[in-house]
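Chemist: Sharing target26.pdb (PDB, C-alpha atoms and all ligand atoms) below.
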ATOM      1  CA  MET A   1      31.587  -1.215  61.420  1.00  0.00           C
ATOM      2  CA  THR A   2      30.436   0.524  64.605  1.00  0.00           C
ATOM      3  CA  HIS A   3      27.085   1.282  63.001  1.00  0.00           C
ATOM      4  CA  SER A   4      26.467  -2.323  62.005  1.00  0.00           C
ATOM      5  CA  ARG A   5      24.183  -4.592  63.934  1.00  0.00           C
ATOM      6  CA  PRO A   6      23.384  -8.300  63.724  1.00  0.00           C
ATOM      7  CA  LEU A   7      20.344  -9.301  61.702  1.00  0.00           C
ATOM      8  CA  ALA A   8      17.556 -10.981  63.611  1.00  0.00           C
ATOM      9  CA  GLY A   9      15.854 -14.217  62.670  1.00  0.00           C
ATOM     10  CA  GLN A  10      18.279 -15.642  60.144  1.00  0.00           C
ATOM     11  CA  SER A  11      17.145 -18.819  58.504  1.00  0.00           C
ATOM     12  CA  ARG A  12      19.033 -21.774  59.849  1.00  0.00           C
ATOM     13  CA  ARG A  13      18.638 -24.334  57.153  1.00  0.00           C
ATOM     14  CA  ALA A  14      21.430 -26.851  57.130  1.00  0.00           C
ATOM     15  CA  HIS A  15      20.977 -28.447  53.726  1.00  0.00           C
ATOM     16  CA  GLU A  16      24.728 -28.395  53.127  1.00  0.00           C
ATOM     17  CA  ASN A  17      25.009 -31.003  55.857  1.00  0.00           C
ATOM     18  CA  SER A  18      22.231 -33.259  54.642  1.00  0.00           C
ATOM     19  CA  HIS A  19      24.573 -36.027  53.440  1.00  0.00           C
ATOM     20  CA  ILE A  20      26.313 -36.248  56.792  1.00  0.00           C
ATOM     21  CA  ARG A  21      25.723 -39.141  59.092  1.00  0.00           C
ATOM     22  CA  LYS A  22      26.399 -38.881  62.769  1.00  0.00           C
ATOM     23  CA  VAL A  23      29.726 -40.420  63.755  1.00  0.00           C
ATOM     24  CA  GLU A  24      30.778 -40.610  67.342  1.00  0.00           C
ATOM     25  CA  SER A  25      33.770 -42.867  67.288  1.00  0.00           C
ATOM     26  CA  SER A  26      33.310 -45.253  70.128  1.00  0.00           C
ATOM     27  CA  ASP A  27      35.718 -48.101  69.486  1.00  0.00           C
ATOM     28  CA  ALA A  28      32.911 -50.600  69.134  1.00  0.00           C
ATOM     29  CA  GLU A  29      31.150 -48.778  66.310  1.00  0.00           C
ATOM     30  CA  PHE A  30      34.102 -47.193  64.553  1.00  0.00           C
ATOM     31  CA  PRO A  31      37.252 -49.153  65.278  1.00  0.00           C
ATOM     32  CA  VAL A  32      39.747 -46.912  63.475  1.00  0.00           C
ATOM     33  CA  GLN A  33      42.660 -48.167  65.510  1.00  0.00           C
ATOM     34  CA  ASP A  34      41.959 -51.760  64.452  1.00  0.00           C
ATOM     35  CA  TYR A  35      41.840 -50.726  60.814  1.00  0.00           C
ATOM     36  CA  VAL A  36      45.165 -48.922  61.111  1.00  0.00           C
ATOM     37  CA  ARG A  37      46.784 -51.910  62.829  1.00  0.00           C
ATOM     38  CA  GLN A  38      45.556 -54.160  60.006  1.00  0.00           C
ATOM     39  CA  LEU A  39      46.853 -51.688  57.447  1.00  0.00           C
ATOM     40  CA  LEU A  40      50.284 -51.718  59.084  1.00  0.00           C
ATOM     41  CA  VAL A  41      50.367 -55.521  58.945  1.00  0.00           C
ATOM     42  CA  HIS A  42      49.109 -55.461  55.367  1.00  0.00           C
ATOM     43  CA  VAL A  43      51.975 -53.283  54.137  1.00  0.00           C
ATOM     44  CA  GLY A  44      54.481 -55.573  55.859  1.00  0.00           C
ATOM     45  CA  GLU A  45      55.044 -53.713  59.109  1.00  0.00           C
ATOM     46  CA  ASP A  46      55.157 -54.879  62.694  1.00  0.00           C
ATOM     47  CA  PRO A  47      52.524 -52.823  64.556  1.00  0.00           C
ATOM     48  CA  GLU A  48      54.174 -53.759  67.854  1.00  0.00           C
ATOM     49  CA  ARG A  49      57.525 -52.143  67.144  1.00  0.00           C
ATOM     50  CA  GLU A  50      58.344 -49.065  69.164  1.00  0.00           C
ATOM     51  CA  GLY A  51      57.873 -46.410  66.502  1.00  0.00           C
ATOM     52  CA  LEU A  52      54.489 -47.783  65.455  1.00  0.00           C
ATOM     53  CA  ILE A  53      52.939 -48.840  68.742  1.00  0.00           C
ATOM     54  CA  LYS A  54      51.071 -45.549  69.182  1.00  0.00           C
ATOM     55  CA  THR A  55      50.449 -44.963  65.493  1.00  0.00           C
ATOM     56  CA  PRO A  56      46.869 -46.336  65.416  1.00  0.00           C
ATOM     57  CA  ALA A  57      45.850 -43.953  68.219  1.00  0.00           C
ATOM     58  CA  ARG A  58      47.613 -41.033  66.529  1.00  0.00           C
ATOM     59  CA  VAL A  59      45.955 -41.786  63.188  1.00  0.00           C
ATOM     60  CA  GLU A  60      42.552 -41.938  64.832  1.00  0.00           C
ATOM     61  CA  LEU A  61      43.108 -38.512  66.397  1.00  0.00           C
ATOM     62  CA  ALA A  62      44.420 -37.092  63.129  1.00  0.00           C
ATOM     63  CA  ILE A  63      41.433 -38.427  61.180  1.00  0.00           C
ATOM     64  CA  GLU A  64      39.041 -36.965  63.763  1.00  0.00           C
ATOM     65  CA  ARG A  65      40.769 -33.611  63.468  1.00  0.00           C
ATOM     66  CA  LEU A  66      40.989 -33.573  59.663  1.00  0.00           C
ATOM     67  CA  THR A  67      37.302 -34.446  59.279  1.00  0.00           C
ATOM     68  CA  ARG A  68      35.886 -32.012  61.839  1.00  0.00           C
ATOM     69  CA  GLY A  69      33.786 -30.492  59.068  1.00  0.00           C
ATOM     70  CA  TYR A  70      31.368 -33.433  59.356  1.00  0.00           C
ATOM     71  CA  ARG A  71      30.581 -32.289  62.875  1.00  0.00           C
ATOM     72  CA  THR A  72      30.426 -28.544  62.151  1.00  0.00           C
ATOM     73  CA  THR A  73      27.835 -26.451  60.350  1.00  0.00           C
ATOM     74  CA  VAL A  74      28.152 -23.143  58.532  1.00  0.00           C
ATOM     75  CA  ASP A  75      25.606 -21.590  60.886  1.00  0.00           C
ATOM     76  CA  GLN A  76      27.710 -22.601  63.885  1.00  0.00           C
ATOM     77  CA  VAL A  77      30.881 -20.951  62.577  1.00  0.00           C
ATOM     78  CA  VAL A  78      29.109 -17.834  61.277  1.00  0.00           C
ATOM     79  CA  ASN A  79      27.399 -17.585  64.666  1.00  0.00           C
ATOM     80  CA  GLY A  80      25.338 -14.537  63.798  1.00  0.00           C
ATOM     81  CA  ALA A  81      28.267 -12.427  62.526  1.00  0.00           C
ATOM     82  CA  ILE A  82      26.187 -11.067  59.635  1.00  0.00           C
ATOM     83  CA  PHE A  83      25.704  -7.310  59.692  1.00  0.00           C
ATOM     84  CA  GLU A  84      23.526  -4.802  57.868  1.00  0.00           C
ATOM     85  CA  GLU A  85      25.754  -2.567  55.808  1.00  0.00           C
ATOM     86  CA  THR A  86      25.283  -0.409  52.721  1.00  0.00           C
ATOM     87  CA  HIS A  87      28.783  -1.060  51.303  1.00  0.00           C
ATOM     88  CA  GLU A  88      28.375  -1.801  47.594  1.00  0.00           C
ATOM     89  CA  SER A  89      31.878  -2.576  46.349  1.00  0.00           C
ATOM     90  CA  MET A  90      33.608  -5.895  46.015  1.00  0.00           C
ATOM     91  CA  ILE A  91      34.982  -7.447  49.209  1.00  0.00           C
ATOM     92  CA  LEU A  92      37.805  -9.912  48.570  1.00  0.00           C
ATOM     93  CA  VAL A  93      39.589 -12.251  50.957  1.00  0.00           C
ATOM     94  CA  ARG A  94      42.648 -13.647  49.195  1.00  0.00           C
ATOM     95  CA  ASP A  95      45.063 -16.468  49.948  1.00  0.00           C
ATOM     96  CA  ILE A  96      42.977 -18.428  52.450  1.00  0.00           C
ATOM     97  CA  GLU A  97      44.926 -21.576  53.290  1.00  0.00           C
ATOM     98  CA  VAL A  98      43.092 -24.745  52.322  1.00  0.00           C
ATOM     99  CA  TYR A  99      43.910 -28.250  53.533  1.00  0.00           C
ATOM    100  CA  SER A 100      41.590 -31.050  52.499  1.00  0.00           C
ATOM    101  CA  LEU A 101      41.522 -34.766  51.741  1.00  0.00           C
ATOM    102  CA  CYS A 102      40.584 -36.139  48.342  1.00  0.00           C
ATOM    103  CA  GLU A 103      37.726 -38.589  48.623  1.00  0.00           C
ATOM    104  CA  HIS A 104      39.200 -40.970  46.056  1.00  0.00           C
ATOM    105  CA  HIS A 105      42.477 -41.696  47.842  1.00  0.00           C
ATOM    106  CA  ILE A 106      42.125 -40.046  51.283  1.00  0.00           C
ATOM    107  CA  LEU A 107      45.312 -38.149  50.516  1.00  0.00           C
ATOM    108  CA  PRO A 108      45.770 -34.411  51.063  1.00  0.00           C
ATOM    109  CA  PHE A 109      45.206 -31.673  48.583  1.00  0.00           C
ATOM    110  CA  PHE A 110      46.144 -28.181  49.660  1.00  0.00           C
ATOM    111  CA  GLY A 111      46.495 -24.669  48.372  1.00  0.00           C
ATOM    112  CA  LYS A 112      44.676 -21.378  48.524  1.00  0.00           C
ATOM    113  CA  ALA A 113      41.138 -20.116  48.222  1.00  0.00           C
ATOM    114  CA  HIS A 114      40.091 -16.629  47.202  1.00  0.00           C
ATOM    115  CA  VAL A 115      36.573 -15.501  48.050  1.00  0.00           C
ATOM    116  CA  ALA A 116      34.895 -12.281  46.954  1.00  0.00           C
ATOM    117  CA  TYR A 117      31.381 -10.916  47.031  1.00  0.00           C
ATOM    118  CA  ILE A 118      29.425  -7.766  46.339  1.00  0.00           C
ATOM    119  CA  PRO A 119      26.997  -7.257  49.227  1.00  0.00           C
ATOM    120  CA  ASN A 120      23.325  -6.583  48.935  1.00  0.00           C
ATOM    121  CA  GLY A 121      22.728  -5.084  52.381  1.00  0.00           C
ATOM    122  CA  LYS A 122      24.582  -7.695  54.436  1.00  0.00           C
ATOM    123  CA  ILE A 123      28.241  -8.304  55.153  1.00  0.00           C
ATOM    124  CA  ILE A 124      29.974 -11.065  57.088  1.00  0.00           C
ATOM    125  CA  GLY A 125      32.799 -10.769  59.618  1.00  0.00           C
ATOM    126  CA  LEU A 126      35.951 -11.239  57.524  1.00  0.00           C
ATOM    127  CA  SER A 127      37.431 -13.868  59.837  1.00  0.00           C
ATOM    128  CA  LYS A 128      34.354 -16.032  59.235  1.00  0.00           C
ATOM    129  CA  ILE A 129      35.099 -16.653  55.563  1.00  0.00           C
ATOM    130  CA  PRO A 130      38.175 -18.875  56.180  1.00  0.00           C
ATOM    131  CA  ARG A 131      36.160 -20.761  58.777  1.00  0.00           C
ATOM    132  CA  VAL A 132      33.367 -21.417  56.280  1.00  0.00           C
ATOM    133  CA  VAL A 133      36.016 -22.750  53.870  1.00  0.00           C
ATOM    134  CA  ASP A 134      37.246 -25.074  56.650  1.00  0.00           C
ATOM    135  CA  VAL A 135      33.762 -26.485  57.286  1.00  0.00           C
ATOM    136  CA  PHE A 136      33.838 -27.973  53.790  1.00  0.00           C
ATOM    137  CA  ALA A 137      37.600 -28.545  53.440  1.00  0.00           C
ATOM    138  CA  GLN A 138      37.607 -30.696  56.570  1.00  0.00           C
ATOM    139  CA  ARG A 139      35.559 -33.397  54.886  1.00  0.00           C
ATOM    140  CA  LEU A 140      36.441 -35.894  52.186  1.00  0.00           C
ATOM    141  CA  GLN A 141      36.250 -33.796  49.063  1.00  0.00           C
ATOM    142  CA  ILE A 142      36.865 -33.237  45.429  1.00  0.00           C
ATOM    143  CA  GLN A 143      38.133 -29.742  44.683  1.00  0.00           C
ATOM    144  CA  GLU A 144      35.241 -28.894  42.353  1.00  0.00           C
ATOM    145  CA  ARG A 145      32.617 -29.684  44.998  1.00  0.00           C
ATOM    146  CA  LEU A 146      34.540 -27.879  47.734  1.00  0.00           C
ATOM    147  CA  THR A 147      34.532 -24.736  45.576  1.00  0.00           C
ATOM    148  CA  ASP A 148      30.797 -25.025  44.868  1.00  0.00           C
ATOM    149  CA  GLU A 149      29.870 -25.754  48.479  1.00  0.00           C
ATOM    150  CA  VAL A 150      31.708 -22.680  49.783  1.00  0.00           C
ATOM    151  CA  ALA A 151      29.986 -20.546  47.139  1.00  0.00           C
ATOM    152  CA  ASP A 152      26.523 -21.981  47.864  1.00  0.00           C
ATOM    153  CA  ALA A 153      26.884 -21.632  51.650  1.00  0.00           C
ATOM    154  CA  LEU A 154      27.958 -17.994  51.417  1.00  0.00           C
ATOM    155  CA  MET A 155      25.192 -17.269  48.906  1.00  0.00           C
ATOM    156  CA  ARG A 156      22.708 -18.634  51.413  1.00  0.00           C
ATOM    157  CA  VAL A 157      23.899 -16.701  54.468  1.00  0.00           C
ATOM    158  CA  LEU A 158      24.812 -13.417  52.685  1.00  0.00           C
ATOM    159  CA  GLU A 159      22.318 -13.215  49.805  1.00  0.00           C
ATOM    160  CA  PRO A 160      24.836 -10.970  47.979  1.00  0.00           C
ATOM    161  CA  ARG A 161      24.527  -9.406  44.516  1.00  0.00           C
ATOM    162  CA  GLY A 162      27.154 -11.858  43.447  1.00  0.00           C
ATOM    163  CA  LEU A 163      30.002 -13.973  44.649  1.00  0.00           C
ATOM    164  CA  GLY A 164      33.098 -15.740  43.391  1.00  0.00           C
ATOM    165  CA  VAL A 165      35.242 -18.514  44.828  1.00  0.00           C
ATOM    166  CA  VAL A 166      38.538 -19.656  43.294  1.00  0.00           C
ATOM    167  CA  VAL A 167      40.530 -22.562  44.706  1.00  0.00           C
ATOM    168  CA  GLU A 168      44.041 -23.416  43.498  1.00  0.00           C
ATOM    169  CA  ALA A 169      45.399 -26.624  44.929  1.00  0.00           C
ATOM    170  CA  SER A 170      48.074 -29.287  44.592  1.00  0.00           C
ATOM    171  CA  HIS A 171      46.931 -32.882  44.960  1.00  0.00           C
ATOM    172  CA  LEU A 172      49.293 -35.320  46.659  1.00  0.00           C
ATOM    173  CA  CYS A 173      47.378 -38.259  45.203  1.00  0.00           C
ATOM    174  CA  MET A 174      48.517 -37.118  41.781  1.00  0.00           C
ATOM    175  CA  MET A 175      51.934 -35.758  42.737  1.00  0.00           C
ATOM    176  CA  MET A 176      53.121 -38.698  44.842  1.00  0.00           C
ATOM    177  CA  ARG A 177      51.908 -41.291  42.371  1.00  0.00           C
ATOM    178  CA  GLY A 178      53.588 -39.440  39.522  1.00  0.00           C
ATOM    179  CA  VAL A 179      50.322 -38.875  37.668  1.00  0.00           C
ATOM    180  CA  GLU A 180      51.114 -35.184  37.303  1.00  0.00           C
ATOM    181  CA  LYS A 181      54.163 -32.971  37.243  1.00  0.00           C
ATOM    182  CA  GLN A 182      55.230 -31.936  40.729  1.00  0.00           C
ATOM    183  CA  HIS A 183      54.383 -28.279  40.389  1.00  0.00           C
ATOM    184  CA  SER A 184      51.094 -28.347  38.542  1.00  0.00           C
ATOM    185  CA  LYS A 185      48.055 -26.880  40.237  1.00  0.00           C
ATOM    186  CA  THR A 186      44.375 -27.435  39.724  1.00  0.00           C
ATOM    187  CA  VAL A 187      42.276 -24.260  39.586  1.00  0.00           C
ATOM    188  CA  THR A 188      38.512 -24.354  40.117  1.00  0.00           C
ATOM    189  CA  SER A 189      36.050 -21.507  40.313  1.00  0.00           C
ATOM    190  CA  SER A 190      32.407 -20.981  41.202  1.00  0.00           C
ATOM    191  CA  LEU A 191      30.773 -17.717  40.185  1.00  0.00           C
ATOM    192  CA  ARG A 192      27.301 -16.657  41.243  1.00  0.00           C
ATOM    193  CA  GLY A 193      24.990 -13.734  40.499  1.00  0.00           C
ATOM    194  CA  CYS A 194      26.637 -10.615  39.076  1.00  0.00           C
ATOM    195  CA  PHE A 195      30.032 -12.370  39.076  1.00  0.00           C
ATOM    196  CA  LEU A 196      28.856 -14.285  36.037  1.00  0.00           C
ATOM    197  CA  ALA A 197      28.816 -11.067  34.003  1.00  0.00           C
ATOM    198  CA  GLY A 198      31.794  -9.642  32.132  1.00  0.00           C
ATOM    199  CA  GLU A 199      33.129  -6.667  34.081  1.00  0.00           C
ATOM    200  CA  THR A 200      32.713  -8.002  37.625  1.00  0.00           C
ATOM    201  CA  LYS A 201      34.065 -11.382  36.637  1.00  0.00           C
ATOM    202  CA  ASP A 202      37.102  -9.752  35.015  1.00  0.00           C
ATOM    203  CA  GLU A 203      37.746  -7.547  38.042  1.00  0.00           C
ATOM    204  CA  PHE A 204      37.502 -10.523  40.399  1.00  0.00           C
ATOM    205  CA  LEU A 205      39.838 -12.722  38.412  1.00  0.00           C
ATOM    206  CA  ARG A 206      42.296  -9.855  37.949  1.00  0.00           C
ATOM    207  CA  LEU A 207      42.372  -9.215  41.698  1.00  0.00           C
ATOM    208  CA  VAL A 208      42.710 -12.926  42.500  1.00  0.00           C
ATOM    209  CA  HIS A 209      45.624 -13.334  40.161  1.00  0.00           C
ATOM    210  CA  GLY A 210      47.455 -10.243  41.285  1.00  0.00           C
ATOM    211  CA  GLY A 211      46.837  -8.167  38.196  1.00  0.00           C
ATOM    212  CA  SER A 212      46.917 -10.842  35.514  1.00  0.00           C
ATOM    213  CA  LEU A 213      43.705 -12.241  34.051  1.00  0.00           C
ATOM    214  CA  LEU A 214      42.984 -15.932  34.357  1.00  0.00           C
ATOM    215  CA  GLU A 215      43.375 -17.493  30.935  1.00  0.00           C
TER     216      GLU A 215
HETATM  217 ZN    ZN B   1      42.822 -38.422  44.872  1.00  0.00          ZN
END
Would you write the structure of this file as structure tokens?
Ligand code: ZN

Modeler:
Amino acid sequence: MTHSRPLAGQSRRAHENSHIRKVESSDAEFPVQDYVRQLLVHVGEDPEREGLIKTPARVELAIERLTRGYRTTVDQVVNGAIFEETHESMILVRDIEVYSLCEHHILPFFGKAHVAYIPNGKIIGLSKIPRVVDVFAQRLQIQERLTDEVADALMRVLEPRGLGVVVEASHLCMMMRGVEKQHSKTVTSSLRGCFLAGETKDEFLRLVHGGSLLE
């Protein structure tokens, strides 16, 4: 990519963050540790016992970390790493690790994302794609919306001929409560542009599934 150069004057809309409210967790406004202490009491625990005494502080830190996406934008993580390039074949990043929290139970769902696009004059630094996935995964989510948001964000910054996102994930809220069999996975996909058409769609899904077509 030595002949590539950054594009000037990219639009910096941030509509994918429009539902986000600003949260800076001063104890007075956002007393997470108090909530956790109350939760411990509620389930029958003694929040003062040795193993639990630091748990409220740890949970607060963990929650901050796992929801960093609310304080990050796609434009920040892409940081101008969009390059002019005439490459016209499919670019696929497979097996991106995904860790998110379901918004219904605040329990983890996790798995893999596969992202592919066919450029239309612009490409993105490959390491940026997993970071774009994280922007949306590190929020309270449902898998369907996560898949759509990654697709829409990359459509906006890349303006490609087409793009596909597949997410396969296991949901602890279903697995731990026995709602589903332990090894079932939920697969969601968002296809845009030329990925909606037969041949490109087939090629994408074949590549994602290691040679076998998605049924
Ligand atoms: Zn759930």

Chemist: Work out how far CA of Glu64 (chain A) is from CA of Lys128 (chain A), in Å to one decimal.

Modeler: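 These two atoms are separated by 21.9 Å.
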
Chemist: Compute the set of protein, DNA and RNA residues whose minimum atom distance to ligand ZN 1 (chain B) is at most 6 Å, using all atoms listed in the file, and state it as a list in words.

Modeler: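 Answer in the requested format: Cys102, His104, His105 and Cys173 of chain A.
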
Chemist: Would you compute the distance between CA of Arg131 (chain A) and CA of Asn79 (chain A)? Give it in Å to one decimal.

Modeler: 11.0 Å

Chemist: Would you mind reading off the distance between CA of Arg145 (chain A) and CA of Glu203 (chain A), one decimal, in Å?

Modeler: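 Taking CA of Arg145 (chain A) as the start and CA of Glu203 (chain A) as the end point, the length is 23.8 Å.
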
Chemist: Could you state which residues are captured by the PyMOL selection byres (((chain A and resi 165) around 8) and not hetatm) in this file, as a count of residues only?

Modeler: 15

Chemist: Name the residues that the PyMOL selection byres (((chain A and resi 119-124) around 9) and not hetatm) picks from the file above, as a ChimeraX atom specification, using the file's chain letters and numbers.

Modeler: /A:7,78,80-91,117-118,125-129,157-163

Chemist: Could you write out as a PyMOL selection string the residues that the PyMOL selection byres (((chain A and resi 94-97) around 8) and not hetatm) matches in the shown file?

Modeler: chain A and resi 92-93+98-99+110-115+130+208

Chemist: Which neighbours of region 32-43 of chain A fall inside 8 Å, counting only C-alpha atoms, when residues of the same chain fewer than 2 positions from it are skipped, and could you give them as number ranges by chain?

Modeler: A: 27, 30, 45-47, 55-57, 59-60

Chemist: Taking every listed atom of region 34-48 of chain A and adding 6 Å to each side, what centre and edge lengths in Å (one decimal) does the axis-aligned box have, as JSON?

Modeler:
{"center_x": 48.5, "center_y": -52.2, "center_z": 61.0, "size_x": 25.3, "size_y": 18.7, "size_z": 25.7}

Chemist: Counting all atoms listed in the file, which residue out of A:Ile53, A:Arg156, A:Glu149, A:Glu144 sits closest to Asp75 (chain A)?

Modeler: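 For Asp75 (chain A), the nearest of the candidates is A:Arg156.
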
Chemist: Looking at A:His171, A:Lys201, A:Arg65, A:Arg206, which one is nearest to Ile106 (chain A), with distances taken over all atoms listed in the file?

Modeler: A:His171

Chemist: Using all atoms listed in the file, which of A:Leu101, A:Ala153, A:Leu172, A:Leu52 sits nearest Leu140 (chain A)?

Modeler: A:Leu101

Chemist: Nearest residue to Met155 (chain A) out of A:Ala62, A:Leu107, A:Cys194, A:Ala137, using all atoms listed in the file?

Modeler: A:Cys194

Chemist: Would you mind telling me which residue in A:Val74, A:Gln143, A:Leu196, A:Pro108 lies nearest to Met175 (chain A) when using only C-alpha atoms?

Modeler: A:Pro108
